[in-house]
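Q: Sharing a structure here in structure tokens format.
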Amino acid sequence: MAGALRAALSVSTREIGEAWVTRQIRRGDIFVTRSKTPYEVRFSSSVGEELEIIQVHVAVDQWLASLEAVYPGKADQVEVIDFFGRDEALAHLCFACAEMLSEGAPGKSKRVADLTQLLASFLVEKYTDAASEKPDFRGGLPIRQLRKVEDYVRDLLAEDISVEALAELVDLSPFHFSRVFKHATGMSPLQFVTRERISRAQQLIRETSSSLIEIALEVSYTSPSSFSKVFRRITGVTPTEFRSSL
């Protein structure tokens, strides 16, 4: 589990050999994961801002004890629900861990043991499900579902992308999908699509000699003026100014 202690932080994750998936996270954003396959994580922050996160690993014995308490006789059938989003209660528990760490609390002290048990119980009750049950969307989309949406968007940037199509990918109604997507990312689905289109346009401007009209069409803008207006709103400069600055 990882949590952000400061703002202006980005985190990238990927399975071994796959493409990096990068997200902007804010103070209090939480990752909960128990990957069944090896994966890599890297963090970065803005120039001049200190990088500060906390990663919490729950001891196996305490984790298994909490699983057994919630799922008697079925602990081996339980799966962790990958999560990325806002969870104020869990964030405060992470902040408490950081505070104890900074003050040098002994690892064998009772308050550390009690907090560890509380964390294990909290995670088991909120972020696990029996393998036979359908996982719930608890305040945000699971990481695997976010990746599914992101991959879909990036593959179809030149096409019309509707909220209905994105919601269908994760078996949610458009209304519910929009709520949990924004809760997890801080953006509406259509804001995310727009930012991905402009990010791709920036990459094409940097790496190709294609005309700005060709690049606009490749990211679904048939009107050069609309493309320029949106590009400037997202980046602060026009496409022409961006190319001239390279």
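Labels for the structure tokens follow display order: chains A, B, ..., residues from 1 in each chain, ligands from 1.
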So that I can see what lies close to Leu67 of chain A, please list as a list in words the residues with an atom at most 12 Å from it, counting only C-alpha atoms and leaving out residues fewer than 3 positions away in the same chain.

A: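 Near neighbours after the sequence-gap exclusion: Val60, Asp61, Gln62, Trp63, Leu64, Val70, Tyr71, Pro72, Gly73, Lys74, Ala75, Asp76, Gln77, Val78, Glu79, Val80, Gln117, Ala120, Ser121, Phe122, Leu123, Val124, Glu125, Lys126, Tyr127, Thr128, Asp129 and Ala130 of chain A.
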
Q: Might you pull out every residue within 12 Å of segment 56-58 of chain A, with only C-alpha atoms counted and same-chain residues fewer than 4 positions away left off, and present them as a ChimeraX atom specification?

A: /A:1-4,30-34,62-66,90-91,93-98,101,112-113,115-124

Q: Restricting it to N, CA, C and O atoms, dump the selection as a tab-separated table (two decimals), in the first residue's frame.

A:
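Output (result_32.tsv):
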```tsv
chain	number	residue	atom	x	y	z
A	1	MET	N	0.86	-1.18	0.00
A	1	MET	CA	0.00	0.00	0.00
A	1	MET	C	0.89	1.23	0.00
A	1	MET	O	1.90	1.27	0.69
A	2	ALA	N	0.54	2.24	-0.77
A	2	ALA	CA	1.31	3.48	-0.81
A	2	ALA	C	0.37	4.66	-0.73
A	2	ALA	O	-0.75	4.64	-1.23
A	3	GLY	N	0.85	5.75	-0.08
A	3	GLY	CA	0.06	6.96	0.03
A	3	GLY	C	0.93	8.18	-0.20
A	3	GLY	O	2.12	8.17	0.13
A	4	ALA	N	0.33	9.22	-0.76
A	4	ALA	CA	1.07	10.46	-1.03
A	4	ALA	C	0.96	11.39	0.18
A	4	ALA	O	-0.12	11.63	0.70
A	30	ILE	N	-4.35	7.09	-2.40
A	30	ILE	CA	-3.93	5.79	-1.89
A	30	ILE	C	-3.86	4.76	-3.01
A	30	ILE	O	-4.71	4.73	-3.90
A	31	PHE	N	-2.83	3.91	-2.96
A	31	PHE	CA	-2.76	2.70	-3.76
A	31	PHE	C	-2.86	1.51	-2.82
A	31	PHE	O	-2.16	1.46	-1.80
A	32	VAL	N	-3.72	0.57	-3.14
A	32	VAL	CA	-3.76	-0.70	-2.43
A	32	VAL	C	-3.58	-1.79	-3.47
A	32	VAL	O	-4.33	-1.86	-4.44
A	33	THR	N	-2.59	-2.63	-3.29
A	33	THR	CA	-2.35	-3.67	-4.29
A	33	THR	C	-1.63	-4.87	-3.67
A	33	THR	O	-0.89	-4.74	-2.70
A	34	ARG	N	-1.91	-6.02	-4.22
A	34	ARG	CA	-1.17	-7.23	-3.90
A	34	ARG	C	-1.01	-7.98	-5.21
A	34	ARG	O	-1.76	-8.89	-5.53
A	62	GLN	N	0.06	-11.15	10.62
A	62	GLN	CA	-1.07	-10.31	11.02
A	62	GLN	C	-2.12	-10.23	9.92
A	62	GLN	O	-3.32	-10.16	10.19
A	63	TRP	N	-1.67	-10.24	8.68
A	63	TRP	CA	-2.60	-10.23	7.56
A	63	TRP	C	-3.45	-11.49	7.54
A	63	TRP	O	-4.67	-11.44	7.41
A	64	LEU	N	-2.80	-12.64	7.71
A	64	LEU	CA	-3.53	-13.91	7.70
A	64	LEU	C	-4.49	-14.00	8.88
A	64	LEU	O	-5.59	-14.55	8.75
A	65	ALA	N	-4.08	-13.47	10.03
A	65	ALA	CA	-4.96	-13.51	11.20
A	65	ALA	C	-6.21	-12.66	10.95
A	65	ALA	O	-7.32	-13.06	11.31
A	66	SER	N	-6.04	-11.51	10.32
A	66	SER	CA	-7.19	-10.65	10.02
A	66	SER	C	-8.09	-11.31	8.97
A	66	SER	O	-9.33	-11.22	9.05
A	90	LEU	N	-8.16	5.69	5.50
A	90	LEU	CA	-6.91	4.97	5.28
A	90	LEU	C	-5.74	5.95	5.17
A	90	LEU	O	-4.63	5.66	5.64
A	91	ALA	N	-5.97	7.11	4.57
A	91	ALA	CA	-4.91	8.12	4.48
A	91	ALA	C	-4.46	8.55	5.87
A	91	ALA	O	-3.27	8.69	6.14
A	93	LEU	N	-4.56	6.82	8.58
A	93	LEU	CA	-3.77	5.74	9.17
A	93	LEU	C	-2.35	5.77	8.63
A	93	LEU	O	-1.38	5.53	9.37
A	94	CYS	N	-2.20	6.06	7.34
A	94	CYS	CA	-0.87	6.18	6.75
A	94	CYS	C	-0.10	7.35	7.37
A	94	CYS	O	1.10	7.25	7.65
A	95	PHE	N	-0.80	8.48	7.57
A	95	PHE	CA	-0.15	9.63	8.19
A	95	PHE	C	0.31	9.30	9.61
A	95	PHE	O	1.36	9.76	10.07
A	96	ALA	N	-0.50	8.50	10.32
A	96	ALA	CA	-0.11	8.08	11.67
A	96	ALA	C	1.16	7.23	11.63
A	96	ALA	O	2.04	7.37	12.49
A	97	CYS	N	1.25	6.36	10.63
A	97	CYS	CA	2.47	5.55	10.47
A	97	CYS	C	3.68	6.47	10.22
A	97	CYS	O	4.76	6.26	10.80
A	98	ALA	N	3.49	7.46	9.36
A	98	ALA	CA	4.58	8.38	9.05
A	98	ALA	C	5.02	9.15	10.29
A	98	ALA	O	6.21	9.38	10.52
A	101	LEU	N	7.01	6.92	12.55
A	101	LEU	CA	8.32	6.69	11.96
A	101	LEU	C	9.24	7.89	12.19
A	101	LEU	O	10.40	7.73	12.54
A	112	VAL	N	2.49	0.68	18.07
A	112	VAL	CA	2.82	0.24	16.71
A	112	VAL	C	2.10	-1.06	16.40
A	112	VAL	O	1.53	-1.23	15.31
A	113	ALA	N	2.10	-1.98	17.36
A	113	ALA	CA	1.41	-3.26	17.17
A	113	ALA	C	-0.10	-3.04	16.98
A	113	ALA	O	-0.73	-3.66	16.11
A	115	LEU	N	-1.60	-0.29	15.88
A	115	LEU	CA	-1.86	0.36	14.60
A	115	LEU	C	-1.73	-0.63	13.45
A	115	LEU	O	-2.52	-0.61	12.49
A	116	THR	N	-0.75	-1.52	13.55
A	116	THR	CA	-0.57	-2.54	12.52
A	116	THR	C	-1.80	-3.43	12.42
A	116	THR	O	-2.28	-3.74	11.32
A	117	GLN	N	-2.33	-3.82	13.58
A	117	GLN	CA	-3.52	-4.67	13.59
A	117	GLN	C	-4.72	-3.92	13.02
A	117	GLN	O	-5.52	-4.49	12.26
A	118	LEU	N	-4.82	-2.63	13.35
A	118	LEU	CA	-5.92	-1.83	12.82
A	118	LEU	C	-5.83	-1.71	11.30
A	118	LEU	O	-6.83	-1.85	10.59
A	119	LEU	N	-4.62	-1.47	10.79
A	119	LEU	CA	-4.43	-1.40	9.34
A	119	LEU	C	-4.81	-2.70	8.66
A	119	LEU	O	-5.50	-2.71	7.65
A	120	ALA	N	-4.36	-3.82	9.22
A	120	ALA	CA	-4.65	-5.12	8.62
A	120	ALA	C	-6.16	-5.36	8.60
A	120	ALA	O	-6.72	-5.79	7.58
A	121	SER	N	-6.84	-5.06	9.72
A	121	SER	CA	-8.28	-5.28	9.79
A	121	SER	C	-9.02	-4.37	8.82
A	121	SER	O	-9.97	-4.79	8.14
A	122	PHE	N	-8.58	-3.11	8.73
A	122	PHE	CA	-9.22	-2.14	7.83
A	122	PHE	C	-9.11	-2.62	6.39
A	122	PHE	O	-10.08	-2.62	5.63
A	123	LEU	N	-7.90	-3.03	5.98
A	123	LEU	CA	-7.68	-3.45	4.60
A	123	LEU	C	-8.48	-4.71	4.28
A	123	LEU	O	-9.05	-4.84	3.20
A	124	VAL	N	-8.50	-5.66	5.21
A	124	VAL	CA	-9.23	-6.90	4.96
A	124	VAL	C	-10.72	-6.63	4.80
A	124	VAL	O	-11.37	-7.16	3.90
```

Q: When you look at segment 151-153 of chain A with a cut-off of 9 Å (counting only C-alpha atoms), what residues show up, excluding the ones that are within fewer than 2 positions of it in the same chain? I need them as a ChimeraX atom specification.

A: /A:146-149,155-157,161,166,169,192-193,196-197

Q: Selected residues, C-alpha atoms, written as a PDB file, in the first residue's frame, please.

A:
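Output saved as out_14.pdb:
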```pdb
ATOM      1  CA  LEU A 146      -8.322   2.074 -14.754  1.00  0.00           C
ATOM      2  CA  ARG A 147      -5.657   0.508 -16.972  1.00  0.00           C
ATOM      3  CA  LYS A 148      -8.343  -1.055 -19.137  1.00  0.00           C
ATOM      4  CA  VAL A 149      -9.989   2.344 -19.673  1.00  0.00           C
ATOM      5  CA  ASP A 155      -5.744   3.083 -28.753  1.00  0.00           C
ATOM      6  CA  LEU A 156      -8.659   5.137 -30.102  1.00  0.00           C
ATOM      7  CA  LEU A 157      -7.579   8.764 -29.765  1.00  0.00           C
ATOM      8  CA  ILE A 161     -14.957   8.209 -27.486  1.00  0.00           C
ATOM      9  CA  LEU A 166     -15.962   3.645 -21.405  1.00  0.00           C
ATOM     10  CA  LEU A 169     -15.766  -1.556 -20.486  1.00  0.00           C
ATOM     11  CA  PHE A 192      -9.096  12.543 -19.316  1.00  0.00           C
ATOM     12  CA  VAL A 193      -9.722  11.840 -23.010  1.00  0.00           C
ATOM     13  CA  GLU A 196      -4.612  12.151 -23.508  1.00  0.00           C
ATOM     14  CA  ARG A 197      -5.261  13.636 -26.961  1.00  0.00           C
TER      15      ARG A 197
END
```

Q: Using atom CA of Thr13 of chain A and atom CA of Glu40 of chain A as the two end points, give the distance in Å to one decimal.

A: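 For atom CA of Thr13 of chain A relative to atom CA of Glu40 of chain A, the distance reads 5.6 Å.
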
Q: Select, from A:Lys182, A:Arg154, A:Arg243, A:Arg144, the residue with the minimum atom-to-atom distance to Ser210 of chain A, counting only C-alpha atoms.

A: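 Nearest to Ser210 of chain A: A:Arg243.
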
Q: Report, in Å with one decimal, the straight-line distance from atom CA of Glu159 of chain A to atom CA of Gly186 of chain A.

A: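 Separating atom CA of Glu159 of chain A from atom CA of Gly186 of chain A is a distance of 23.5 Å.
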